[in-house]
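**Student:** start.txt is reproduced in full below (compact mmCIF, N, CA, C and O atoms).
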```txt
# COMPACT_ATOMS: atom_id res chain seq x y z
N MET A 1 -37.26 40.64 30.76
CA MET A 1 -37.72 39.37 30.24
C MET A 1 -39.09 39.54 29.60
O MET A 1 -39.98 40.18 30.14
N LEU A 2 -39.23 38.96 28.43
CA LEU A 2 -40.48 39.09 27.68
C LEU A 2 -41.52 38.09 28.17
O LEU A 2 -41.19 37.01 28.64
N THR A 3 -42.78 38.45 28.02
CA THR A 3 -43.87 37.53 28.31
C THR A 3 -43.97 36.53 27.16
O THR A 3 -43.49 36.81 26.05
N PRO A 4 -44.64 35.39 27.39
CA PRO A 4 -44.83 34.44 26.28
C PRO A 4 -45.54 35.08 25.08
O PRO A 4 -45.17 34.82 23.93
N THR A 5 -46.51 35.93 25.34
CA THR A 5 -47.22 36.59 24.24
C THR A 5 -46.30 37.51 23.45
O THR A 5 -46.35 37.56 22.22
N GLN A 6 -45.41 38.21 24.15
CA GLN A 6 -44.46 39.08 23.45
C GLN A 6 -43.48 38.27 22.61
O GLN A 6 -43.17 38.64 21.48
N VAL A 7 -42.99 37.15 23.16
CA VAL A 7 -42.08 36.29 22.39
C VAL A 7 -42.78 35.81 21.12
O VAL A 7 -42.21 35.88 20.03
N ALA A 8 -44.02 35.35 21.27
CA ALA A 8 -44.77 34.86 20.10
C ALA A 8 -44.98 35.98 19.09
O ALA A 8 -44.81 35.78 17.88
N LYS A 9 -45.35 37.16 19.57
CA LYS A 9 -45.59 38.30 18.68
C LYS A 9 -44.32 38.66 17.90
O LYS A 9 -44.36 38.86 16.69
N PHE A 10 -43.19 38.75 18.60
CA PHE A 10 -41.93 39.08 17.93
C PHE A 10 -41.52 37.98 16.94
O PHE A 10 -40.99 38.26 15.87
N ALA A 11 -41.79 36.73 17.29
CA ALA A 11 -41.46 35.63 16.38
C ALA A 11 -42.28 35.74 15.09
O ALA A 11 -41.74 35.59 13.99
N VAL A 12 -43.56 36.04 15.22
CA VAL A 12 -44.41 36.22 14.04
C VAL A 12 -43.91 37.38 13.19
O VAL A 12 -43.84 37.29 11.96
N GLU A 13 -43.52 38.48 13.83
CA GLU A 13 -42.97 39.63 13.09
C GLU A 13 -41.74 39.21 12.29
O GLU A 13 -41.61 39.57 11.12
N ALA A 14 -40.83 38.46 12.92
CA ALA A 14 -39.61 38.03 12.24
C ALA A 14 -39.94 37.11 11.07
O ALA A 14 -39.35 37.24 9.99
N LEU A 15 -40.89 36.20 11.27
CA LEU A 15 -41.29 35.30 10.18
C LEU A 15 -41.90 36.06 9.02
O LEU A 15 -41.60 35.78 7.85
N GLU A 16 -42.76 37.01 9.33
CA GLU A 16 -43.40 37.78 8.27
C GLU A 16 -42.40 38.64 7.51
O GLU A 16 -42.52 38.81 6.30
N GLU A 17 -41.41 39.17 8.22
CA GLU A 17 -40.36 39.97 7.56
C GLU A 17 -39.59 39.16 6.52
O GLU A 17 -39.12 39.70 5.53
N LYS A 18 -39.46 37.86 6.76
CA LYS A 18 -38.70 36.99 5.86
C LYS A 18 -39.61 36.13 4.98
O LYS A 18 -39.19 35.11 4.45
N SER A 19 -40.86 36.56 4.83
CA SER A 19 -41.81 35.94 3.89
C SER A 19 -42.15 34.48 4.19
O SER A 19 -42.31 33.68 3.26
N ALA A 20 -42.27 34.14 5.46
CA ALA A 20 -42.77 32.81 5.81
C ALA A 20 -44.21 32.71 5.35
O ALA A 20 -44.94 33.70 5.32
N ARG A 21 -44.62 31.52 4.96
CA ARG A 21 -45.99 31.32 4.47
C ARG A 21 -46.84 30.64 5.52
O ARG A 21 -46.35 29.85 6.32
N ASP A 22 -48.13 30.95 5.48
CA ASP A 22 -49.13 30.27 6.29
C ASP A 22 -48.73 30.16 7.77
O ASP A 22 -48.72 29.08 8.35
N VAL A 23 -48.41 31.30 8.36
CA VAL A 23 -48.01 31.34 9.78
C VAL A 23 -49.25 31.18 10.65
O VAL A 23 -50.22 31.92 10.50
N LYS A 24 -49.21 30.20 11.54
CA LYS A 24 -50.31 29.96 12.48
C LYS A 24 -49.76 29.96 13.90
O LYS A 24 -48.69 29.39 14.16
N VAL A 25 -50.49 30.61 14.79
CA VAL A 25 -50.12 30.64 16.20
C VAL A 25 -51.19 29.88 16.96
O VAL A 25 -52.36 30.24 16.92
N LEU A 26 -50.78 28.81 17.64
CA LEU A 26 -51.68 28.00 18.43
C LEU A 26 -51.43 28.29 19.91
O LEU A 26 -50.29 28.17 20.37
N LYS A 27 -52.47 28.64 20.63
CA LYS A 27 -52.35 28.89 22.06
C LYS A 27 -52.52 27.55 22.77
O LYS A 27 -53.61 26.97 22.78
N THR A 28 -51.44 27.05 23.36
CA THR A 28 -51.43 25.71 23.93
C THR A 28 -51.30 25.69 25.44
O THR A 28 -51.23 24.61 26.03
N GLU A 29 -51.29 26.85 26.07
CA GLU A 29 -51.01 26.91 27.51
C GLU A 29 -51.99 26.12 28.36
O GLU A 29 -51.61 25.62 29.42
N ASP A 30 -53.23 25.95 27.92
CA ASP A 30 -54.21 25.18 28.69
C ASP A 30 -54.21 23.70 28.32
O ASP A 30 -54.93 22.91 28.94
N LEU A 31 -53.40 23.32 27.33
CA LEU A 31 -53.40 21.95 26.83
C LEU A 31 -52.15 21.16 27.20
O LEU A 31 -52.18 19.93 27.22
N THR A 32 -51.05 21.85 27.44
CA THR A 32 -49.79 21.17 27.69
C THR A 32 -48.86 22.06 28.51
O THR A 32 -49.00 23.28 28.50
N VAL A 33 -47.92 21.43 29.18
CA VAL A 33 -46.90 22.19 29.91
C VAL A 33 -45.69 22.48 29.02
O VAL A 33 -44.76 23.15 29.46
N LEU A 34 -45.73 21.97 27.79
CA LEU A 34 -44.60 22.15 26.89
C LEU A 34 -44.35 23.61 26.52
O LEU A 34 -43.21 24.04 26.44
N ALA A 35 -45.42 24.36 26.26
CA ALA A 35 -45.27 25.75 25.83
C ALA A 35 -46.62 26.45 25.88
O ALA A 35 -47.67 25.81 25.81
N ASN A 36 -46.57 27.77 25.97
CA ASN A 36 -47.79 28.58 25.91
C ASN A 36 -48.30 28.71 24.48
O ASN A 36 -49.50 28.81 24.25
N TYR A 37 -47.36 28.74 23.53
CA TYR A 37 -47.71 28.90 22.12
C TYR A 37 -46.86 27.97 21.26
O TYR A 37 -45.67 27.79 21.52
N PHE A 38 -47.48 27.44 20.22
CA PHE A 38 -46.77 26.78 19.13
C PHE A 38 -46.99 27.68 17.92
O PHE A 38 -48.12 28.10 17.64
N ILE A 39 -45.91 27.98 17.23
CA ILE A 39 -46.00 28.74 15.99
C ILE A 39 -45.57 27.80 14.87
O ILE A 39 -44.51 27.17 14.95
N ILE A 40 -46.40 27.72 13.85
CA ILE A 40 -46.15 26.82 12.72
C ILE A 40 -46.11 27.66 11.45
O ILE A 40 -46.99 28.50 11.24
N SER A 41 -45.08 27.45 10.64
CA SER A 41 -45.02 28.18 9.37
C SER A 41 -44.36 27.32 8.30
O SER A 41 -43.70 26.33 8.60
N THR A 42 -44.54 27.75 7.07
CA THR A 42 -44.01 27.03 5.92
C THR A 42 -42.97 27.90 5.21
O THR A 42 -43.15 29.11 5.08
N ALA A 43 -41.91 27.23 4.76
CA ALA A 43 -40.88 27.87 3.97
C ALA A 43 -40.90 27.28 2.56
O ALA A 43 -41.41 26.18 2.35
N THR A 44 -40.33 28.00 1.63
CA THR A 44 -40.36 27.58 0.23
C THR A 44 -39.21 26.65 -0.15
O THR A 44 -39.27 26.01 -1.20
N SER A 45 -38.18 26.56 0.69
CA SER A 45 -37.03 25.71 0.40
C SER A 45 -36.23 25.49 1.69
O SER A 45 -36.47 26.17 2.70
N THR A 46 -35.27 24.57 1.65
CA THR A 46 -34.42 24.36 2.83
C THR A 46 -33.59 25.61 3.12
O THR A 46 -33.34 25.93 4.28
N THR A 47 -33.20 26.31 2.08
CA THR A 47 -32.46 27.57 2.29
C THR A 47 -33.34 28.59 3.00
O THR A 47 -32.90 29.29 3.91
N HIS A 48 -34.60 28.66 2.60
CA HIS A 48 -35.55 29.59 3.23
C HIS A 48 -35.77 29.22 4.70
O HIS A 48 -35.84 30.10 5.56
N ILE A 49 -35.86 27.92 5.00
CA ILE A 49 -36.01 27.49 6.40
C ILE A 49 -34.84 27.99 7.23
O ILE A 49 -35.01 28.51 8.33
N LYS A 50 -33.63 27.81 6.72
CA LYS A 50 -32.44 28.26 7.46
C LYS A 50 -32.43 29.77 7.61
O LYS A 50 -32.06 30.30 8.66
N THR A 51 -32.86 30.48 6.57
CA THR A 51 -32.96 31.94 6.65
C THR A 51 -33.96 32.35 7.73
O THR A 51 -33.69 33.25 8.53
N LEU A 52 -35.11 31.67 7.76
CA LEU A 52 -36.11 31.96 8.79
C LEU A 52 -35.57 31.67 10.19
O LEU A 52 -35.74 32.48 11.11
N ALA A 53 -34.93 30.53 10.36
CA ALA A 53 -34.38 30.16 11.67
C ALA A 53 -33.34 31.17 12.13
O ALA A 53 -33.36 31.63 13.28
N ASP A 54 -32.43 31.53 11.24
CA ASP A 54 -31.39 32.50 11.59
C ASP A 54 -31.99 33.86 11.94
O ASP A 54 -31.59 34.50 12.91
N ALA A 55 -32.98 34.29 11.15
CA ALA A 55 -33.62 35.59 11.40
C ALA A 55 -34.37 35.57 12.73
O ALA A 55 -34.31 36.55 13.48
N LEU A 56 -35.07 34.49 13.01
CA LEU A 56 -35.79 34.37 14.28
C LEU A 56 -34.83 34.45 15.46
O LEU A 56 -35.07 35.19 16.42
N GLU A 57 -33.75 33.69 15.39
CA GLU A 57 -32.78 33.70 16.50
C GLU A 57 -32.22 35.09 16.73
O GLU A 57 -32.13 35.55 17.86
N LYS A 58 -31.84 35.77 15.66
CA LYS A 58 -31.28 37.12 15.80
C LYS A 58 -32.33 38.10 16.32
O LYS A 58 -32.07 38.88 17.23
N TYR A 59 -33.52 38.06 15.74
CA TYR A 59 -34.60 38.97 16.12
C TYR A 59 -34.95 38.83 17.60
O TYR A 59 -35.08 39.83 18.32
N LEU A 60 -35.07 37.59 18.06
CA LEU A 60 -35.42 37.37 19.46
C LEU A 60 -34.24 37.61 20.39
O LEU A 60 -34.41 38.12 21.49
N GLU A 61 -33.05 37.26 19.94
CA GLU A 61 -31.86 37.53 20.75
C GLU A 61 -31.68 39.02 20.97
O GLU A 61 -31.33 39.46 22.07
N ASP A 62 -31.95 39.82 19.94
CA ASP A 62 -31.86 41.28 20.06
C ASP A 62 -32.85 41.82 21.09
O ASP A 62 -32.70 42.93 21.57
N ARG A 63 -33.87 41.03 21.41
CA ARG A 63 -34.90 41.43 22.37
C ARG A 63 -34.74 40.69 23.70
O ARG A 63 -35.62 40.70 24.54
N GLY A 64 -33.60 40.01 23.87
CA GLY A 64 -33.28 39.39 25.15
C GLY A 64 -33.68 37.93 25.30
O GLY A 64 -33.53 37.37 26.38
N GLU A 65 -34.17 37.30 24.24
CA GLU A 65 -34.59 35.90 24.33
C GLU A 65 -33.55 35.00 23.65
O GLU A 65 -33.14 35.26 22.53
N VAL A 66 -33.18 33.94 24.33
CA VAL A 66 -32.18 33.01 23.82
C VAL A 66 -32.86 31.69 23.50
O VAL A 66 -33.71 31.21 24.26
N THR A 67 -32.48 31.09 22.39
CA THR A 67 -33.00 29.79 22.00
C THR A 67 -32.53 28.74 23.00
O THR A 67 -31.33 28.61 23.25
N HIS A 68 -33.47 27.99 23.57
CA HIS A 68 -33.11 26.91 24.50
C HIS A 68 -32.64 25.68 23.75
O HIS A 68 -31.76 24.96 24.21
N ARG A 69 -33.28 25.44 22.60
CA ARG A 69 -32.94 24.25 21.83
C ARG A 69 -33.30 24.48 20.36
O ARG A 69 -34.31 25.10 20.05
N LYS A 70 -32.46 23.95 19.49
CA LYS A 70 -32.71 24.03 18.04
C LYS A 70 -32.51 22.63 17.46
O LYS A 70 -31.47 22.02 17.68
N GLU A 71 -33.52 22.14 16.75
CA GLU A 71 -33.46 20.80 16.16
C GLU A 71 -33.73 20.88 14.66
O GLU A 71 -34.55 21.69 14.22
N GLY A 72 -33.06 20.03 13.90
CA GLY A 72 -33.35 19.87 12.48
C GLY A 72 -32.68 20.87 11.55
O GLY A 72 -32.92 20.83 10.34
N TYR A 73 -31.85 21.75 12.08
CA TYR A 73 -31.26 22.81 11.26
C TYR A 73 -30.43 22.23 10.12
O TYR A 73 -30.49 22.71 9.00
N ARG A 74 -29.66 21.21 10.39
CA ARG A 74 -28.81 20.63 9.34
C ARG A 74 -29.61 19.85 8.31
O ARG A 74 -29.30 19.86 7.14
N ALA A 75 -30.66 19.18 8.76
CA ALA A 75 -31.49 18.39 7.84
C ALA A 75 -32.32 19.32 6.94
O ALA A 75 -32.47 19.07 5.76
N GLY A 76 -32.88 20.36 7.54
CA GLY A 76 -33.49 21.41 6.76
C GLY A 76 -34.96 21.29 6.39
O GLY A 76 -35.56 22.27 6.01
N GLY A 77 -35.60 20.14 6.51
CA GLY A 77 -37.01 20.02 6.13
C GLY A 77 -37.98 20.44 7.22
O GLY A 77 -39.12 20.78 6.94
N TRP A 78 -37.51 20.38 8.46
CA TRP A 78 -38.32 20.79 9.62
C TRP A 78 -37.36 21.27 10.69
O TRP A 78 -36.53 20.51 11.18
N VAL A 79 -37.42 22.53 11.01
CA VAL A 79 -36.59 23.09 12.07
C VAL A 79 -37.49 23.47 13.22
O VAL A 79 -38.54 24.08 13.03
N LEU A 80 -37.08 23.09 14.43
CA LEU A 80 -37.81 23.44 15.64
C LEU A 80 -36.92 24.34 16.48
O LEU A 80 -35.76 24.02 16.73
N LEU A 81 -37.47 25.48 16.88
CA LEU A 81 -36.77 26.40 17.78
C LEU A 81 -37.59 26.48 19.07
O LEU A 81 -38.77 26.83 19.04
N ASP A 82 -36.94 26.17 20.18
CA ASP A 82 -37.62 26.13 21.47
C ASP A 82 -37.18 27.31 22.33
O ASP A 82 -36.00 27.44 22.64
N TYR A 83 -38.14 28.15 22.68
CA TYR A 83 -37.88 29.29 23.56
C TYR A 83 -38.52 29.09 24.93
O TYR A 83 -38.73 30.05 25.67
N GLY A 84 -38.83 27.85 25.27
CA GLY A 84 -39.45 27.55 26.55
C GLY A 84 -40.95 27.78 26.50
O GLY A 84 -41.73 26.85 26.41
N CYS A 85 -41.34 29.02 26.49
CA CYS A 85 -42.77 29.37 26.47
C CYS A 85 -43.35 29.35 25.06
O CYS A 85 -44.57 29.30 24.89
N VAL A 86 -42.50 29.37 24.06
CA VAL A 86 -42.92 29.37 22.66
C VAL A 86 -42.05 28.36 21.89
O VAL A 86 -40.83 28.39 22.00
N VAL A 87 -42.72 27.49 21.15
CA VAL A 87 -42.01 26.53 20.29
C VAL A 87 -42.39 26.86 18.85
O VAL A 87 -43.57 26.96 18.52
N ILE A 88 -41.37 27.04 18.03
CA ILE A 88 -41.58 27.45 16.64
C ILE A 88 -41.19 26.30 15.71
O ILE A 88 -40.09 25.76 15.83
N HIS A 89 -42.11 25.96 14.81
CA HIS A 89 -41.89 24.90 13.83
C HIS A 89 -41.82 25.53 12.45
O HIS A 89 -42.76 26.22 12.03
N LEU A 90 -40.72 25.28 11.74
CA LEU A 90 -40.54 25.76 10.38
C LEU A 90 -40.50 24.54 9.46
O LEU A 90 -39.64 23.67 9.64
N PHE A 91 -41.42 24.47 8.53
CA PHE A 91 -41.58 23.29 7.68
C PHE A 91 -41.45 23.61 6.21
O PHE A 91 -41.82 24.70 5.77
N LEU A 92 -41.02 22.60 5.44
CA LEU A 92 -41.31 22.59 4.02
C LEU A 92 -42.76 22.14 3.89
O LEU A 92 -43.28 21.42 4.75
N ASP A 93 -43.43 22.54 2.83
CA ASP A 93 -44.86 22.32 2.67
C ASP A 93 -45.25 20.85 2.83
O ASP A 93 -46.17 20.51 3.59
N GLU A 94 -44.57 19.96 2.12
CA GLU A 94 -44.96 18.54 2.16
C GLU A 94 -44.74 17.92 3.54
O GLU A 94 -45.51 17.05 3.96
N ILE A 95 -43.74 18.38 4.26
CA ILE A 95 -43.49 17.85 5.61
C ILE A 95 -44.53 18.39 6.58
O ILE A 95 -45.02 17.67 7.45
N ARG A 96 -44.90 19.65 6.41
CA ARG A 96 -45.96 20.21 7.25
C ARG A 96 -47.27 19.45 7.04
O ARG A 96 -47.97 19.14 8.00
N GLU A 97 -47.59 19.17 5.79
CA GLU A 97 -48.81 18.42 5.50
C GLU A 97 -48.76 17.03 6.11
O GLU A 97 -49.75 16.54 6.65
N PHE A 98 -47.61 16.37 6.04
CA PHE A 98 -47.47 15.01 6.56
C PHE A 98 -47.69 14.97 8.07
O PHE A 98 -48.45 14.15 8.57
N TYR A 99 -47.04 15.86 8.81
CA TYR A 99 -47.14 15.84 10.27
C TYR A 99 -48.42 16.51 10.78
O TYR A 99 -48.89 16.18 11.86
N ASN A 100 -48.94 17.46 10.04
CA ASN A 100 -50.22 18.10 10.32
C ASN A 100 -50.40 18.45 11.81
O ASN A 100 -51.33 17.99 12.46
N LEU A 101 -49.50 19.25 12.33
CA LEU A 101 -49.56 19.64 13.74
C LEU A 101 -50.84 20.39 14.08
O LEU A 101 -51.31 20.33 15.22
N GLU A 102 -51.39 21.08 13.11
CA GLU A 102 -52.65 21.78 13.37
C GLU A 102 -53.75 20.79 13.75
O GLU A 102 -54.58 21.07 14.61
N ARG A 103 -53.77 19.62 13.14
CA ARG A 103 -54.75 18.59 13.48
C ARG A 103 -54.39 17.96 14.82
O ARG A 103 -55.25 17.77 15.68
N LEU A 104 -53.11 17.66 15.01
CA LEU A 104 -52.64 17.06 16.25
C LEU A 104 -53.00 17.94 17.45
O LEU A 104 -53.41 17.43 18.50
N TRP A 105 -52.84 19.24 17.31
CA TRP A 105 -53.17 20.19 18.36
C TRP A 105 -54.49 20.90 18.04
O TRP A 105 -54.65 22.07 18.29
N GLY A 106 -55.44 20.14 17.51
CA GLY A 106 -56.72 20.69 17.08
C GLY A 106 -57.53 21.35 18.17
O GLY A 106 -58.40 22.18 17.88
N ASP A 107 -57.27 21.01 19.42
CA ASP A 107 -57.99 21.64 20.54
C ASP A 107 -57.42 23.01 20.89
O ASP A 107 -58.03 23.75 21.67
N ALA A 108 -56.27 23.33 20.33
CA ALA A 108 -55.64 24.62 20.63
C ALA A 108 -56.36 25.75 19.88
O ALA A 108 -56.81 25.58 18.75
N GLU A 109 -56.45 26.88 20.54
CA GLU A 109 -57.05 28.06 19.92
C GLU A 109 -56.04 28.69 18.95
O GLU A 109 -54.88 28.88 19.29
N VAL A 110 -56.49 28.96 17.73
CA VAL A 110 -55.65 29.68 16.77
C VAL A 110 -55.84 31.17 17.08
O VAL A 110 -56.96 31.66 17.11
N VAL A 111 -54.72 31.85 17.35
CA VAL A 111 -54.80 33.27 17.75
C VAL A 111 -54.06 34.15 16.77
O VAL A 111 -53.17 33.71 16.07
N THR A 112 -54.45 35.40 16.75
CA THR A 112 -53.78 36.42 15.96
C THR A 112 -53.12 37.38 16.93
O THR A 112 -53.77 37.86 17.86
N LEU A 113 -51.85 37.62 16.72
CA LEU A 113 -51.11 38.50 17.63
C LEU A 113 -50.83 39.84 16.96
O LEU A 113 -50.61 39.93 15.80
```
Please lay out the structure from this file as structure tokens.

**Tutor:**
Amino acid sequence: MLTPTQVAKFAVEALEEKSARDVKVLKTEDLTVLANYFIISTATSTTHIKTLADALEKYLEDRGEVTHRKEGYRAGGWVLLDYGCVVIHLFLDEIREFYNLERLWGDAEVVTL
């Protein structure tokens, strides 16, 4: 079983491999019981979001991590993948700007893995 930091690191690797834009990792473990990390990234299209989601699931599954919950895949503008300790948000640019999770979780430390 992977640690939360390992899950986050592998998720970032998968996102970068598929050209996700503006990937941010927020360390939330001291702020909420929801997750240790929130990962936020931007995709260039709904097709790109689905490609990122599929790649993340495969990449993490190959390392023993299973998605607990997936939301928004059919709608395509915002996909959320929940791994328990890590929650990954994949946005189209305008939707990311609208919800501005970085501001909402402004007390979270932005970390580099």

**Student:** Could you check which of A:Lys9, A:Trp105, A:Thr46, A:Arg69 is closest to Gly84 (chain A), using only N, CA, C and O atoms?

**Tutor:**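 Distance minimum relative to Gly84 (chain A) lands on A:Arg69.
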
**Student:** Please report, as a tab-separated table (two decimals) with N, CA, C and O atoms, in the frame of the given file, each residue of chain A to which DSSP assigns strand (DSSP E or B) when run on this structure's backbone.

**Tutor:**
```tsv
chain	number	residue	atom	x	y	z
A	21	ARG	N	-44.62	31.52	4.96
A	21	ARG	CA	-45.99	31.32	4.47
A	21	ARG	C	-46.84	30.64	5.52
A	21	ARG	O	-46.35	29.85	6.32
A	22	ASP	N	-48.13	30.95	5.48
A	22	ASP	CA	-49.13	30.27	6.29
A	22	ASP	C	-48.73	30.16	7.77
A	22	ASP	O	-48.72	29.08	8.35
A	23	VAL	N	-48.41	31.30	8.36
A	23	VAL	CA	-48.01	31.34	9.78
A	23	VAL	C	-49.25	31.18	10.65
A	23	VAL	O	-50.22	31.92	10.50
A	24	LYS	N	-49.21	30.20	11.54
A	24	LYS	CA	-50.31	29.96	12.48
A	24	LYS	C	-49.76	29.96	13.90
A	24	LYS	O	-48.69	29.39	14.16
A	25	VAL	N	-50.49	30.61	14.79
A	25	VAL	CA	-50.12	30.64	16.20
A	25	VAL	C	-51.19	29.88	16.96
A	25	VAL	O	-52.36	30.24	16.92
A	26	LEU	N	-50.78	28.81	17.64
A	26	LEU	CA	-51.68	28.00	18.43
A	26	LEU	C	-51.43	28.29	19.91
A	26	LEU	O	-50.29	28.17	20.37
A	27	LYS	N	-52.47	28.64	20.63
A	27	LYS	CA	-52.35	28.89	22.06
A	27	LYS	C	-52.52	27.55	22.77
A	27	LYS	O	-53.61	26.97	22.78
A	37	TYR	N	-47.36	28.74	23.53
A	37	TYR	CA	-47.71	28.90	22.12
A	37	TYR	C	-46.86	27.97	21.26
A	37	TYR	O	-45.67	27.79	21.52
A	38	PHE	N	-47.48	27.44	20.22
A	38	PHE	CA	-46.77	26.78	19.13
A	38	PHE	C	-46.99	27.68	17.92
A	38	PHE	O	-48.12	28.10	17.64
A	39	ILE	N	-45.91	27.98	17.23
A	39	ILE	CA	-46.00	28.74	15.99
A	39	ILE	C	-45.57	27.80	14.87
A	39	ILE	O	-44.51	27.17	14.95
A	40	ILE	N	-46.40	27.72	13.85
A	40	ILE	CA	-46.15	26.82	12.72
A	40	ILE	C	-46.11	27.66	11.45
A	40	ILE	O	-46.99	28.50	11.24
A	41	SER	N	-45.08	27.45	10.64
A	41	SER	CA	-45.02	28.18	9.37
A	41	SER	C	-44.36	27.32	8.30
A	41	SER	O	-43.70	26.33	8.60
A	42	THR	N	-44.54	27.75	7.07
A	42	THR	CA	-44.01	27.03	5.92
A	42	THR	C	-42.97	27.90	5.21
A	42	THR	O	-43.15	29.11	5.08
A	43	ALA	N	-41.91	27.23	4.76
A	43	ALA	CA	-40.88	27.87	3.97
A	43	ALA	C	-40.90	27.28	2.56
A	43	ALA	O	-41.41	26.18	2.35
A	69	ARG	N	-33.28	25.44	22.60
A	69	ARG	CA	-32.94	24.25	21.83
A	69	ARG	C	-33.30	24.48	20.36
A	69	ARG	O	-34.31	25.10	20.05
A	70	LYS	N	-32.46	23.95	19.49
A	70	LYS	CA	-32.71	24.03	18.04
A	70	LYS	C	-32.51	22.63	17.46
A	70	LYS	O	-31.47	22.02	17.68
A	71	GLU	N	-33.52	22.14	16.75
A	71	GLU	CA	-33.46	20.80	16.16
A	71	GLU	C	-33.73	20.88	14.66
A	71	GLU	O	-34.55	21.69	14.22
A	78	TRP	N	-37.51	20.38	8.46
A	78	TRP	CA	-38.32	20.79	9.62
A	78	TRP	C	-37.36	21.27	10.69
A	78	TRP	O	-36.53	20.51	11.18
A	79	VAL	N	-37.42	22.53	11.01
A	79	VAL	CA	-36.59	23.09	12.07
A	79	VAL	C	-37.49	23.47	13.22
A	79	VAL	O	-38.54	24.08	13.03
A	80	LEU	N	-37.08	23.09	14.43
A	80	LEU	CA	-37.81	23.44	15.64
A	80	LEU	C	-36.92	24.34	16.48
A	80	LEU	O	-35.76	24.02	16.73
A	81	LEU	N	-37.47	25.48	16.88
A	81	LEU	CA	-36.77	26.40	17.78
A	81	LEU	C	-37.59	26.48	19.07
A	81	LEU	O	-38.77	26.83	19.04
A	82	ASP	N	-36.94	26.17	20.18
A	82	ASP	CA	-37.62	26.13	21.47
A	82	ASP	C	-37.18	27.31	22.33
A	82	ASP	O	-36.00	27.44	22.64
A	86	VAL	N	-42.50	29.37	24.06
A	86	VAL	CA	-42.92	29.37	22.66
A	86	VAL	C	-42.05	28.36	21.89
A	86	VAL	O	-40.83	28.39	22.00
A	87	VAL	N	-42.72	27.49	21.15
A	87	VAL	CA	-42.01	26.53	20.29
A	87	VAL	C	-42.39	26.86	18.85
A	87	VAL	O	-43.57	26.96	18.52
A	88	ILE	N	-41.37	27.04	18.03
A	88	ILE	CA	-41.58	27.45	16.64
A	88	ILE	C	-41.19	26.30	15.71
A	88	ILE	O	-40.09	25.76	15.83
A	89	HIS	N	-42.11	25.96	14.81
A	89	HIS	CA	-41.89	24.90	13.83
A	89	HIS	C	-41.82	25.53	12.45
A	89	HIS	O	-42.76	26.22	12.03
A	90	LEU	N	-40.72	25.28	11.74
A	90	LEU	CA	-40.54	25.76	10.38
A	90	LEU	C	-40.50	24.54	9.46
A	90	LEU	O	-39.64	23.67	9.64
A	91	PHE	N	-41.42	24.47	8.53
A	91	PHE	CA	-41.58	23.29	7.68
A	91	PHE	C	-41.45	23.61	6.21
A	91	PHE	O	-41.82	24.70	5.77
A	92	LEU	N	-41.02	22.60	5.44
A	92	LEU	CA	-41.31	22.59	4.02
A	92	LEU	C	-42.76	22.14	3.89
A	92	LEU	O	-43.28	21.42	4.75
A	109	GLU	N	-56.45	26.88	20.54
A	109	GLU	CA	-57.05	28.06	19.92
A	109	GLU	C	-56.04	28.69	18.95
A	109	GLU	O	-54.88	28.88	19.29
A	110	VAL	N	-56.49	28.96	17.73
A	110	VAL	CA	-55.65	29.68	16.77
A	110	VAL	C	-55.84	31.17	17.08
A	110	VAL	O	-56.96	31.66	17.11
A	111	VAL	N	-54.72	31.85	17.35
A	111	VAL	CA	-54.80	33.27	17.75
A	111	VAL	C	-54.06	34.15	16.77
A	111	VAL	O	-53.17	33.71	16.07
```

**Student:** Which residue, A:Ala14, A:Val87, A:Gly77, A:Arg63, has the smallest gap to Thr51 (chain A) when you use all atoms listed in the file?

**Tutor:** A:Ala14

**Student:** Find the residue from A:Ala53, A:Ile88, A:Ala108, A:Ala75 that sits nearest to Ile40 (chain A); use only C-alpha atoms when measuring.

**Tutor:**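 Residue with the minimum atom-to-atom distance to Ile40 (chain A): A:Ile88.
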
**Student:** Find, counting all atoms listed in the file, the residue in A:Leu60, A:Ala43, A:Leu2, A:Ala35 that gets nearest to Asp93 (chain A).

**Tutor:**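 Checking each candidate against Asp93 (chain A), we get A:Ala43 as the closest.
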
**Student:** Which residue is closest to Ala11 (chain A)? Choose from A:Leu56, A:Leu80, A:Leu113, A:Leu104 and count only C-alpha atoms.

**Tutor:**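 Result for the nearest residue to Ala11 (chain A): A:Leu56.
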
**Student:** When you look at Leu90 (chain A) with a cut-off of 4.5 Å (counting all atoms listed in the file), what residues show up, excluding the ones that are within fewer than 6 positions of it in the same chain? I need them as a PyMOL selection string.

**Tutor:** chain A and resi 41+77-79

**Student:** I need the residues in chain A that are alpha helix (DSSP H) according to DSSP; give them as an MDAnalysis selection string.

**Tutor:** chainID A and resid 4:17 46:61 93:99 101:104

**Student:** For the atom pair CA of Gly76 (chain A) and atom O of Ser19 (chain A), what is the interatomic distance in Å to one decimal place?

**Tutor:**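 Calculated distance between CA of Gly76 (chain A) and atom O of Ser19 (chain A) is 15.5 Å.
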
**Student:** Which residue, A:Gly64, A:Leu92, A:Cys85, A:Glu57, has the smallest gap to Lys27 (chain A) when you use only C-alpha atoms?

**Tutor:**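 Of A:Gly64, A:Leu92, A:Cys85, A:Glu57, the one nearest Lys27 (chain A), counting only C-alpha atoms, is A:Cys85.
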
**Student:** In Å to one decimal, how far is atom N of Glu65 (chain A) from atom N of Tyr99 (chain A)?

**Tutor:**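 Distance reported for this atom pair: 29.4 Å.
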
**Student:** As an exercise, work out the distance from CA of Glu109 (chain A) to atom O of Val25 (chain A) in Å and give it to one decimal place.

**Tutor:**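 Between CA of Glu109 (chain A) and atom O of Val25 (chain A) the gap is 6.0 Å.
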